[in-house]
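Asks: For reference, this is upload21.tsv, and it has TSV, C-alpha atoms and all ligand atoms.
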```tsv
chain	number	residue	atom	x	y	z
A	1	MET	CA	79.47	129.59	108.79
A	2	ILE	CA	82.55	127.89	110.25
A	3	ALA	CA	81.38	129.05	113.67
A	4	GLU	CA	78.07	127.22	113.24
A	5	ARG	CA	79.70	124.03	112.02
A	6	LEU	CA	82.21	124.13	114.84
A	7	ASN	CA	79.46	124.58	117.40
A	8	HIS	CA	77.57	121.68	115.90
A	9	VAL	CA	80.62	119.43	116.28
A	10	ILE	CA	81.13	120.60	119.88
A	11	GLN	CA	77.48	119.75	120.59
A	12	ARG	CA	77.92	116.29	119.07
A	13	ILE	CA	80.86	115.69	121.41
A	14	GLN	CA	78.89	116.88	124.43
A	15	LYS	CA	75.95	114.62	123.58
A	16	VAL	CA	78.07	111.48	123.87
A	17	ASP	CA	78.06	109.94	127.31
A	18	HIS	CA	81.68	110.11	128.52
A	19	SER	CA	83.77	110.97	131.57
A	20	GLN	CA	87.19	111.64	129.98
A	21	LYS	CA	88.29	115.02	128.65
A	22	VAL	CA	88.05	115.22	124.85
A	23	LYS	CA	90.08	117.69	122.82
A	24	LEU	CA	88.73	118.75	119.43
A	25	ILE	CA	91.37	119.06	116.74
A	26	ALA	CA	90.20	120.93	113.65
A	27	VAL	CA	91.81	119.22	110.65
A	28	SER	CA	92.52	122.06	108.23
A	29	LYS	CA	94.44	120.25	105.47
A	30	LYS	CA	93.74	121.72	102.03
A	31	LYS	CA	91.73	124.52	103.65
A	32	SER	CA	92.57	128.21	103.34
A	33	ILE	CA	94.06	130.52	105.90
A	34	ALA	CA	90.82	132.53	105.77
A	35	LEU	CA	88.79	129.50	106.87
A	36	ILE	CA	91.29	128.64	109.60
A	37	LYS	CA	91.07	132.22	110.87
A	38	GLU	CA	87.29	131.90	111.02
A	39	ALA	CA	87.72	128.89	113.25
A	40	ILE	CA	90.28	130.76	115.40
A	41	ASN	CA	87.85	133.64	115.78
A	42	SER	CA	85.26	131.14	117.02
A	43	GLY	CA	87.65	130.06	119.76
A	44	GLN	CA	89.28	126.99	118.19
A	45	LYS	CA	92.92	126.58	119.32
A	46	ASP	CA	94.02	123.11	118.11
A	47	PHE	CA	94.59	122.41	114.41
A	48	GLY	CA	95.70	119.29	112.56
A	49	GLU	CA	97.61	119.25	109.27
A	50	ASN	CA	98.79	116.39	106.99
A	51	TYR	CA	100.98	117.96	104.34
A	52	LEU	CA	104.14	119.50	105.68
A	53	GLN	CA	104.95	122.20	103.16
A	54	GLU	CA	101.36	123.45	103.04
A	55	ALA	CA	101.18	123.34	106.83
A	56	VAL	CA	104.38	125.30	107.42
A	57	GLU	CA	103.25	128.04	105.04
A	58	LYS	CA	99.97	128.38	106.93
A	59	ILE	CA	101.53	128.21	110.39
A	60	LYS	CA	104.02	130.95	109.48
A	61	ALA	CA	101.37	133.16	107.88
A	62	ILE	CA	98.93	132.81	110.78
A	63	ASP	CA	101.76	133.27	113.30
A	64	ASP	CA	99.70	132.87	116.47
A	65	PRO	CA	101.61	131.47	119.46
A	66	SER	CA	98.38	130.70	121.31
A	67	LEU	CA	97.57	127.92	118.80
A	68	THR	CA	98.59	124.27	119.04
A	69	TRP	CA	99.51	122.55	115.77
A	70	HIS	CA	99.25	118.77	115.37
A	71	PHE	CA	101.02	116.91	112.57
A	72	ILE	CA	98.80	113.95	111.63
A	73	GLY	CA	100.06	112.85	108.19
A	74	PRO	CA	102.61	110.30	107.02
A	75	ILE	CA	106.17	111.31	107.95
A	76	GLN	CA	109.13	111.26	105.57
A	77	SER	CA	112.22	110.94	107.74
A	78	ASN	CA	114.12	113.61	105.75
A	79	LYS	CA	111.36	116.14	106.54
A	80	THR	CA	111.31	115.86	110.31
A	81	ALA	CA	113.17	119.14	110.97
A	82	SER	CA	110.17	121.26	110.01
A	83	ILE	CA	107.86	119.09	112.09
A	84	ALA	CA	110.09	119.59	115.14
A	85	LYS	CA	110.28	123.30	114.49
A	86	TYR	CA	106.66	124.20	113.78
A	87	PHE	CA	104.48	121.64	115.56
A	88	GLN	CA	103.71	120.96	119.22
A	89	TRP	CA	102.22	117.49	118.67
A	90	VAL	CA	102.92	114.63	116.23
A	91	HIS	CA	100.29	111.88	115.98
A	92	SER	CA	101.79	109.73	113.25
A	93	VAL	CA	105.13	108.43	114.54
A	94	ASP	CA	105.69	104.84	113.44
A	95	ARG	CA	109.43	104.12	113.53
A	96	LYS	CA	112.62	104.65	115.50
A	97	LYS	CA	114.42	106.62	112.82
A	98	VAL	CA	111.71	109.28	112.93
A	99	LEU	CA	111.80	109.38	116.73
A	100	THR	CA	115.59	109.74	116.76
A	101	ARG	CA	115.46	112.65	114.35
A	102	LEU	CA	112.51	114.39	116.01
A	103	ASN	CA	114.31	114.12	119.35
A	104	GLU	CA	117.54	115.68	118.04
A	105	GLN	CA	115.72	118.43	116.18
A	106	SER	CA	113.47	119.23	119.13
A	107	LYS	CA	116.60	119.58	121.24
A	108	GLU	CA	117.94	122.09	118.69
A	109	ASN	CA	114.68	124.02	119.06
A	110	GLN	CA	114.87	123.77	122.86
A	111	LYS	CA	111.48	122.17	123.09
A	112	VAL	CA	109.85	118.92	124.09
A	113	LEU	CA	107.65	117.46	121.38
A	114	ASN	CA	104.42	115.65	122.30
A	115	VAL	CA	104.26	112.36	120.44
A	116	LEU	CA	101.67	109.71	119.70
A	117	ILE	CA	102.51	106.38	118.12
A	118	GLN	CA	100.27	105.56	115.17
A	119	VAL	CA	99.05	102.00	115.46
A	120	ASN	CA	98.03	99.78	112.57
A	121	ILE	CA	95.34	98.37	114.81
A	122	ASP	CA	93.58	96.31	112.13
A	123	ASP	CA	96.77	94.72	110.74
A	124	GLU	CA	96.16	96.24	107.32
A	125	ASP	CA	98.87	95.67	104.70
A	126	THR	CA	98.75	99.11	103.13
A	127	LYS	CA	98.22	101.32	106.16
A	128	SER	CA	100.93	103.25	107.89
A	129	GLY	CA	101.37	102.69	111.59
A	130	VAL	CA	103.12	100.24	113.85
A	131	MET	CA	101.99	96.64	113.97
A	132	PRO	CA	100.64	95.81	117.44
A	133	GLU	CA	103.51	93.42	118.24
A	134	GLU	CA	106.09	96.16	117.58
A	135	ILE	CA	104.52	98.78	119.84
A	136	ASP	CA	106.25	97.90	123.08
A	137	ASP	CA	109.72	98.24	121.57
A	138	LEU	CA	108.88	101.67	120.13
A	139	VAL	CA	107.29	102.85	123.40
A	140	ASN	CA	110.43	101.89	125.33
A	141	TYR	CA	112.61	103.66	122.79
A	142	ALA	CA	110.51	106.86	122.93
A	143	ASN	CA	110.64	106.87	126.71
A	144	GLU	CA	114.45	107.11	126.61
A	145	LEU	CA	114.48	110.29	124.53
A	146	SER	CA	114.80	113.51	126.51
A	147	ASN	CA	113.06	115.84	124.05
A	148	ILE	CA	110.20	113.50	123.23
A	149	SER	CA	107.19	113.28	125.52
A	150	LEU	CA	105.28	110.16	124.58
A	151	LYS	CA	101.59	110.68	125.39
A	152	GLY	CA	99.75	107.75	123.80
A	153	PHE	CA	98.44	106.32	120.56
A	154	MET	CA	96.62	107.25	117.37
A	155	CYS	CA	94.76	105.12	114.84
A	156	ILE	CA	92.77	105.34	111.63
A	157	PRO	CA	90.44	102.33	111.68
A	158	LYS	CA	89.65	100.11	108.74
A	159	PRO	CA	86.38	101.32	107.13
A	160	GLY	CA	83.41	99.72	108.83
A	161	ASN	CA	85.50	98.46	111.74
A	162	ALA	CA	85.60	101.54	113.97
A	163	GLU	CA	83.95	100.12	117.08
A	164	GLU	CA	86.18	97.04	117.26
A	165	SER	CA	89.35	99.01	116.43
A	166	PHE	CA	88.67	101.66	119.07
A	167	LYS	CA	88.00	99.04	121.73
A	168	LYS	CA	91.37	97.44	120.96
A	169	MET	CA	93.04	100.87	121.21
A	170	LYS	CA	91.51	101.47	124.63
A	171	ILE	CA	92.83	98.12	125.87
A	172	LEU	CA	96.25	99.01	124.45
A	173	LEU	CA	96.30	102.38	126.24
A	174	ASN	CA	95.24	100.77	129.51
A	175	SER	CA	98.27	98.49	129.33
A	176	TYR	CA	100.48	101.61	129.73
A	177	PRO	CA	99.11	103.32	132.86
A	178	TYR	CA	101.40	106.36	132.46
A	179	LEU	CA	100.02	107.17	128.99
A	180	GLU	CA	96.78	109.11	128.67
A	181	THR	CA	96.05	110.12	125.08
A	182	LEU	CA	94.01	108.28	122.46
A	183	SER	CA	93.73	110.17	119.18
A	184	MET	CA	90.84	108.55	117.38
A	185	GLY	CA	87.58	109.62	115.77
A	186	MET	CA	87.00	111.58	112.57
A	187	SER	CA	83.87	113.23	111.14
A	188	ASN	CA	81.99	109.99	110.56
A	189	ASP	CA	82.95	108.02	113.69
A	190	LEU	CA	83.37	110.71	116.35
A	191	GLU	CA	80.64	109.34	118.62
A	192	ILE	CA	81.91	105.75	118.49
A	193	ALA	CA	85.43	106.97	119.28
A	194	ILE	CA	84.40	109.01	122.32
A	195	ARG	CA	82.23	106.21	123.70
A	196	ASN	CA	85.32	104.01	123.51
A	197	GLY	CA	87.67	106.36	125.31
A	198	SER	CA	89.03	108.79	122.73
A	199	THR	CA	90.68	111.89	124.22
A	200	MET	CA	91.41	113.65	120.90
A	201	VAL	CA	89.07	113.70	117.92
A	202	ARG	CA	90.38	114.86	114.54
A	203	ILE	CA	87.57	116.53	112.62
A	204	GLY	CA	87.99	117.99	109.13
A	205	THR	CA	84.97	117.66	106.86
A	206	ASP	CA	82.31	118.46	109.44
A	207	ILE	CA	84.03	121.74	110.35
A	208	PHE	CA	85.49	122.96	107.06
A	209	GLY	CA	83.36	121.14	104.47
A	210	ALA	CA	84.32	118.51	101.91
A	211	ARG	CA	87.81	118.55	100.43
B	301	LIG	C1	91.91	114.07	106.96
B	301	LIG	C2	92.14	113.43	108.26
B	301	LIG	C3	91.22	113.59	109.32
B	301	LIG	C4	89.91	114.32	109.19
B	301	LIG	O1	88.99	113.53	108.52
B	301	LIG	P1	87.47	114.00	108.24
B	301	LIG	O2	86.80	112.76	107.81
B	301	LIG	O3	87.53	115.05	107.20
B	301	LIG	O4	86.93	114.52	109.54
B	301	LIG	C5	91.55	112.99	110.52
B	301	LIG	N1	92.69	112.28	110.69
B	301	LIG	C6	93.58	112.13	109.71
B	301	LIG	C7	94.81	111.34	109.96
B	301	LIG	C8	93.32	112.66	108.46
B	301	LIG	O5	94.20	112.48	107.46
```
Show how you would write the structure in this file as structure tokens.
Replies:
Amino acid sequence: MIAERLNHVIQRIQKVDHSQKVKLIAVSKKKSIALIKEAINSGQKDFGENYLQEAVEKIKAIDDPSLTWHFIGPIQSNKTASIAKYFQWVHSVDRKKVLTRLNEQSKENQKVLNVLIQVNIDDEDTKSGVMPEEIDDLVNYANELSNISLKGFMCIPKPGNAEESFKKMKILLNSYPYLETLSMGMSNDLEIAIRNGSTMVRIGTDIFGAR
């Protein structure tokens, strides 16, 4: 059943006219190890998780070094050690303090952590993410850190505003020619995201069902 849903999502991606490579991240938050294993058995390698404690339990239990784990939820700065230890990618970095800690803790784990800066692209009051005018400062800071590899940007658009938000994200990425990753697109706006240059889509509901 997961296999079918996963195939359907892969077909949706392929149907969108695009030239960039698109990585599918299966967002498995609140979903069981059994369901995640079904996805693994269907060939899925990249998984996204939002809640740290839940995620670490699952990552340890599944214990498969061929998988890539992406942390996509809000980050509490006192919880960064587990992120640096168990994840290969972090999509939701939005401040220097978190970068400083992730860098030190990645060094302790002798690894380089792949990082995306989450952008509050629609200037929403309540949303996490960096305001557009603060991005450049954070990019420059990340670039100085030896155990952080800054790859690009992530966003969660304001409901109903996906097309406009994604276009702004693409322009933002293009202003940093050495960055290549745009993490955008969820179950209900995957096609719009890919048409506008997404290179990582984060799909939960359409693979694992409603939460
Ligand atoms: C839950 C979540 C997703 C997946 O959303 P679906 O609508 O279930 O596909 C993607 N990105 C983030 C940041 C999420 O929290």
Asks: Specify the axis-aligned box that encloses all atoms of ligand LIG 301 (chain B) listed in the file after padding of 5 Å on each side, stating its centre and edge lengths in Å to one decimal as AutoDock Vina command-line options.
Replies:
```
--center_x 90.8 --center_y 113.2 --center_z 108.8 --size_x 18.0 --size_y 13.7 --size_z 13.7
```
Asks: Report as a list in words which protein, DNA and RNA residues come within 7 Å of ligand LIG 301 (chain B), using all atoms listed in the file.
Replies: Val27, Lys29, Asn50, Ile72, Gly73, Ile156, Met186, Ser187, Asn188, Arg202, Ile203, Gly204, Thr205 and Asp206 of chain A
Asks: Pick the closest to Met184 in chain A from A:Met1, A:Ile75, A:Val22, A:Ile10: which is it, counting all atoms listed in the file?
Replies: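 That would be A:Val22, the residue with the smallest distance to Met184 in chain A.
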Asks: Rank nothing, just name the residue among A:Ala39, A:Ile33, A:Ala81, A:Leu173 nearest to Glu57 in chain A, using only C-alpha atoms.
Replies: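 The closest residue to Glu57 in chain A is A:Ile33.
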Asks: What separation in Å, quoted to one decimal, exists between CA of Ser92 in chain A and CA of Glu54 in chain A?
Replies: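 Rounded to one decimal, the two atoms are 17.1 Å apart.
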Asks: Go through A:Ser106, A:Ser183, A:Lys37, A:Gly160 one by one, measure the shortest atom-to-atom distance of each to Val119 in chain A using all atoms listed in the file, and give the residue with the smallest value.
Replies: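 Smallest separation from Val119 in chain A among the options: A:Ser183.
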